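Asker: Here it is, the structure, as structure tokens.
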Amino acid sequence: MKATVVKNTMLSDKFGYLELKCPEIAKEKNAGRFFMISPHSDNVYLTDTLLKRPFAICDITSSDTFTCLYMVTGRGTKVLSEALTGNNFLVTGPVGNFFRFEKGANTALIAGGIGLAPMINAAKKIKEMGSKVTLYYGGRNKNDILMYDFLKTICDELIITTDDGTLGIKGNVTVPLKDKIKEYKKIYACGPNRMLQAVTNLCSENDVPIDVSLDEQMGCGVGACLGCMITVIEENGEKVMKRCCVEGPIFDGTKIDWDSLIR
């Protein structure tokens, strides 16, 4: 199906925010799902970037428009950064599972870098349920902290950390989280795998459930290519392979074999 560019905003030299018109995806009611987009528009076609790329559904802005965050890392995302209003992309979705929130439960959202993307929609869903929205958001430096002013409008509590201390608390997100972890009934997180592993370890030590959204490379988004397989540890200790695009991208963080993901 077709998605038309409504607006394309560069947030920095490497991060962008794309608003697309596509009623089929904008009707999604849950937070955490994603879509696949072909990295060429009707005005730019690259023969070496035929595979679609996965992006989290960041925000539903109207009955027929939604947004996504992207980081320019190669030719495909470079095309997205150069997209003009009115350009069309081929997309598929919504794809994957989604976050399940419990009304009235004291929870926290954890985001690292571009892992902020699904947390914007998640924060809005939690707010709609009448619950407090707490977001821990970390980056390497202040330039990695995106949409700061906007986040303050949708969060009741926004806690920023940077590795170098140029904005917020110095250190990673576990620094402030460890002092408040016992207050939360559940944690939801998305970001770099090392961050997700550290947050999962902290949750495990304090018996707090955690769901993590993984950002794995995907070729098809429908489970056919098996390019996004991850190792999950079952209750009996057996290790099994799961497709991140179909069984995920959201998993119980304590069930993931992190050693197989972090290399």
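Ordering of the structure tokens sets the chain letters (A, B, ...), residue numbers begin anew at 1 in every chain, and ligands are numbered from 1 in the order given.
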Residues of region 57-134 of chain A classed as helix (DSSP H, G or I) by DSSP on the backbone are to be reported as an MDAnalysis selection string.

Answerer: chainID A and resid 75:81 113:128

Asker: Which residues come within 12 Å of Val232 (chain A), counting only C-alpha atoms, excluding same-chain residues fewer than 2 positions away, as JSON, numbers by chain?

Answerer: {"A": [229, 230, 234, 235, 236, 237, 238, 239, 240, 241, 242, 243, 244, 247, 248, 250, 251, 252, 253, 254, 255, 256, 257, 258, 259, 260, 261]}

Asker: Can you write out the residues you just picked, keeping C-alpha atoms, as a PDB file, in the first residue's frame?

Answerer:
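Everything below was put into part-v6.pdb:
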ATOM      1  CA  MET A 229      15.741 -14.595  14.637  1.00  0.00           C
ATOM      2  CA  ILE A 230      16.572 -14.206  18.319  1.00  0.00           C
ATOM      3  CA  GLU A 234      11.754 -21.089  27.845  1.00  0.00           C
ATOM      4  CA  GLU A 235      10.516 -21.829  31.371  1.00  0.00           C
ATOM      5  CA  ASN A 236      12.208 -25.247  31.277  1.00  0.00           C
ATOM      6  CA  GLY A 237      15.537 -23.668  30.339  1.00  0.00           C
ATOM      7  CA  GLU A 238      15.387 -24.735  26.711  1.00  0.00           C
ATOM      8  CA  LYS A 239      16.635 -22.207  24.181  1.00  0.00           C
ATOM      9  CA  VAL A 240      14.355 -21.661  21.193  1.00  0.00           C
ATOM     10  CA  MET A 241      14.500 -19.347  18.211  1.00  0.00           C
ATOM     11  CA  LYS A 242      11.820 -16.690  17.719  1.00  0.00           C
ATOM     12  CA  ARG A 243      11.139 -14.347  14.813  1.00  0.00           C
ATOM     13  CA  CYS A 244      11.404 -10.773  16.024  1.00  0.00           C
ATOM     14  CA  GLU A 247       6.568 -13.229  17.753  1.00  0.00           C
ATOM     15  CA  GLY A 248       8.006  -9.800  18.617  1.00  0.00           C
ATOM     16  CA  ILE A 250       8.222  -7.110  22.175  1.00  0.00           C
ATOM     17  CA  PHE A 251       9.452  -9.853  24.494  1.00  0.00           C
ATOM     18  CA  ASP A 252       9.764 -10.524  28.198  1.00  0.00           C
ATOM     19  CA  GLY A 253      13.249  -9.169  28.805  1.00  0.00           C
ATOM     20  CA  THR A 254      14.064 -11.885  31.344  1.00  0.00           C
ATOM     21  CA  LYS A 255      13.489 -14.592  28.710  1.00  0.00           C
ATOM     22  CA  ILE A 256      15.937 -13.243  26.141  1.00  0.00           C
ATOM     23  CA  ASP A 257      19.364 -14.837  25.738  1.00  0.00           C
ATOM     24  CA  TRP A 258      21.229 -11.539  25.792  1.00  0.00           C
ATOM     25  CA  ASP A 259      24.622 -13.169  25.223  1.00  0.00           C
ATOM     26  CA  SER A 260      23.462 -14.234  21.762  1.00  0.00           C
ATOM     27  CA  LEU A 261      22.325 -10.680  20.912  1.00  0.00           C
TER      28      LEU A 261
END

Asker: Measuring atom to atom with only C-alpha atoms, identify which of A:Asn30, A:Ser204, A:Thr9, A:Gln217 is nearest to Asn97 (chain A).

Answerer: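 Among A:Asn30, A:Ser204, A:Thr9, A:Gln217, it is A:Asn30 that comes nearest to Asn97 (chain A).
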
Asker: Here is a test: counting only C-alpha atoms, which residue of A:Arg75, A:Lys7, A:Lys124, A:Lys52 is nearest to Cys220 (chain A)?

Answerer: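 Of A:Arg75, A:Lys7, A:Lys124, A:Lys52, the one nearest Cys220 (chain A) is A:Lys52, counting only C-alpha atoms.
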
Asker: Would you give me, as a PyMOL selection string, the residues in region 32-241 of chain A that DSSP reads as strand (DSSP E)?

Answerer: chain A and resi 34-41+53-56+59-60+65-71+88-95+107-112+134-139+157-162+169-170+186-190+210-213+229-233+239-241

Asker: Would you mind listing what lies within 9 Å of Lys29 (chain A) as a PyMOL selection string, with only C-alpha atoms counted and same-chain residues fewer than 2 positions away left out?

Answerer: chain A and resi 26-27+31+60+125

Asker: For the residues in that selection, give me all heavy atoms as a CSV table (one decimal), in the first residue's frame.

Answerer:
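Everything below was put into result.csv:
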chain,number,residue,atom,x,y,z
A,26,ALA,N,-2.6,4.2,10.2
A,26,ALA,CA,-3.1,5.2,11.2
A,26,ALA,C,-4.2,4.7,12.0
A,26,ALA,O,-4.5,5.2,13.1
A,26,ALA,CB,-3.4,6.5,10.5
A,27,LYS,N,-4.9,3.6,11.6
A,27,LYS,CA,-6.0,3.1,12.4
A,27,LYS,C,-5.6,2.2,13.5
A,27,LYS,O,-6.4,1.8,14.4
A,27,LYS,CB,-7.0,2.3,11.5
A,27,LYS,CG,-6.4,1.0,11.0
A,27,LYS,CD,-7.3,0.3,10.0
A,27,LYS,CE,-6.7,-1.1,9.5
A,27,LYS,NZ,-7.7,-1.8,8.6
A,31,ALA,N,0.0,0.4,21.0
A,31,ALA,CA,1.4,1.0,21.0
A,31,ALA,C,2.4,-0.2,20.9
A,31,ALA,O,2.3,-1.2,21.6
A,31,ALA,CB,1.6,1.8,22.2
A,60,ILE,N,0.2,8.5,16.3
A,60,ILE,CA,-0.9,8.6,15.4
A,60,ILE,C,-1.4,10.0,15.5
A,60,ILE,O,-1.9,10.5,16.6
A,60,ILE,CB,-2.1,7.6,15.8
A,60,ILE,CG1,-1.5,6.2,15.9
A,60,ILE,CG2,-3.2,7.7,14.9
A,60,ILE,CD1,-1.1,5.6,14.6
A,125,LYS,N,-0.9,6.4,25.1
A,125,LYS,CA,-1.9,5.3,25.5
A,125,LYS,C,-2.0,5.2,27.0
A,125,LYS,O,-3.1,5.1,27.5
A,125,LYS,CB,-1.4,4.0,24.9
A,125,LYS,CG,-1.4,3.9,23.4
A,125,LYS,CD,-2.8,4.2,22.8
A,125,LYS,CE,-2.7,4.2,21.3
A,125,LYS,NZ,-4.0,4.6,20.6

Asker: Of the candidates A:Met36, A:Ile114, A:Met1, A:Met129, which shows the shortest atom-to-atom distance to Thr73 (chain A), using only C-alpha atoms?

Answerer: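 Among the listed residues, A:Ile114 lies closest to Thr73 (chain A).
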
Asker: Give the answer as one residue: which of A:Asp156, A:Ser213, A:Tyr70, A:Val208 has the shortest atom-to-atom distance to Glu183 (chain A), using only C-alpha atoms?

Answerer: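 Comparing A:Asp156, A:Ser213, A:Tyr70, A:Val208 against Glu183 (chain A), the winner is A:Val208.
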
Asker: Which of these residues is nearest to Gly76 (chain A), using only C-alpha atoms: A:Ile160, A:Ile37, A:Ala111, A:Cys58?

Answerer: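 Among the listed residues, the smallest separation from Gly76 (chain A) belongs to A:Ile37.
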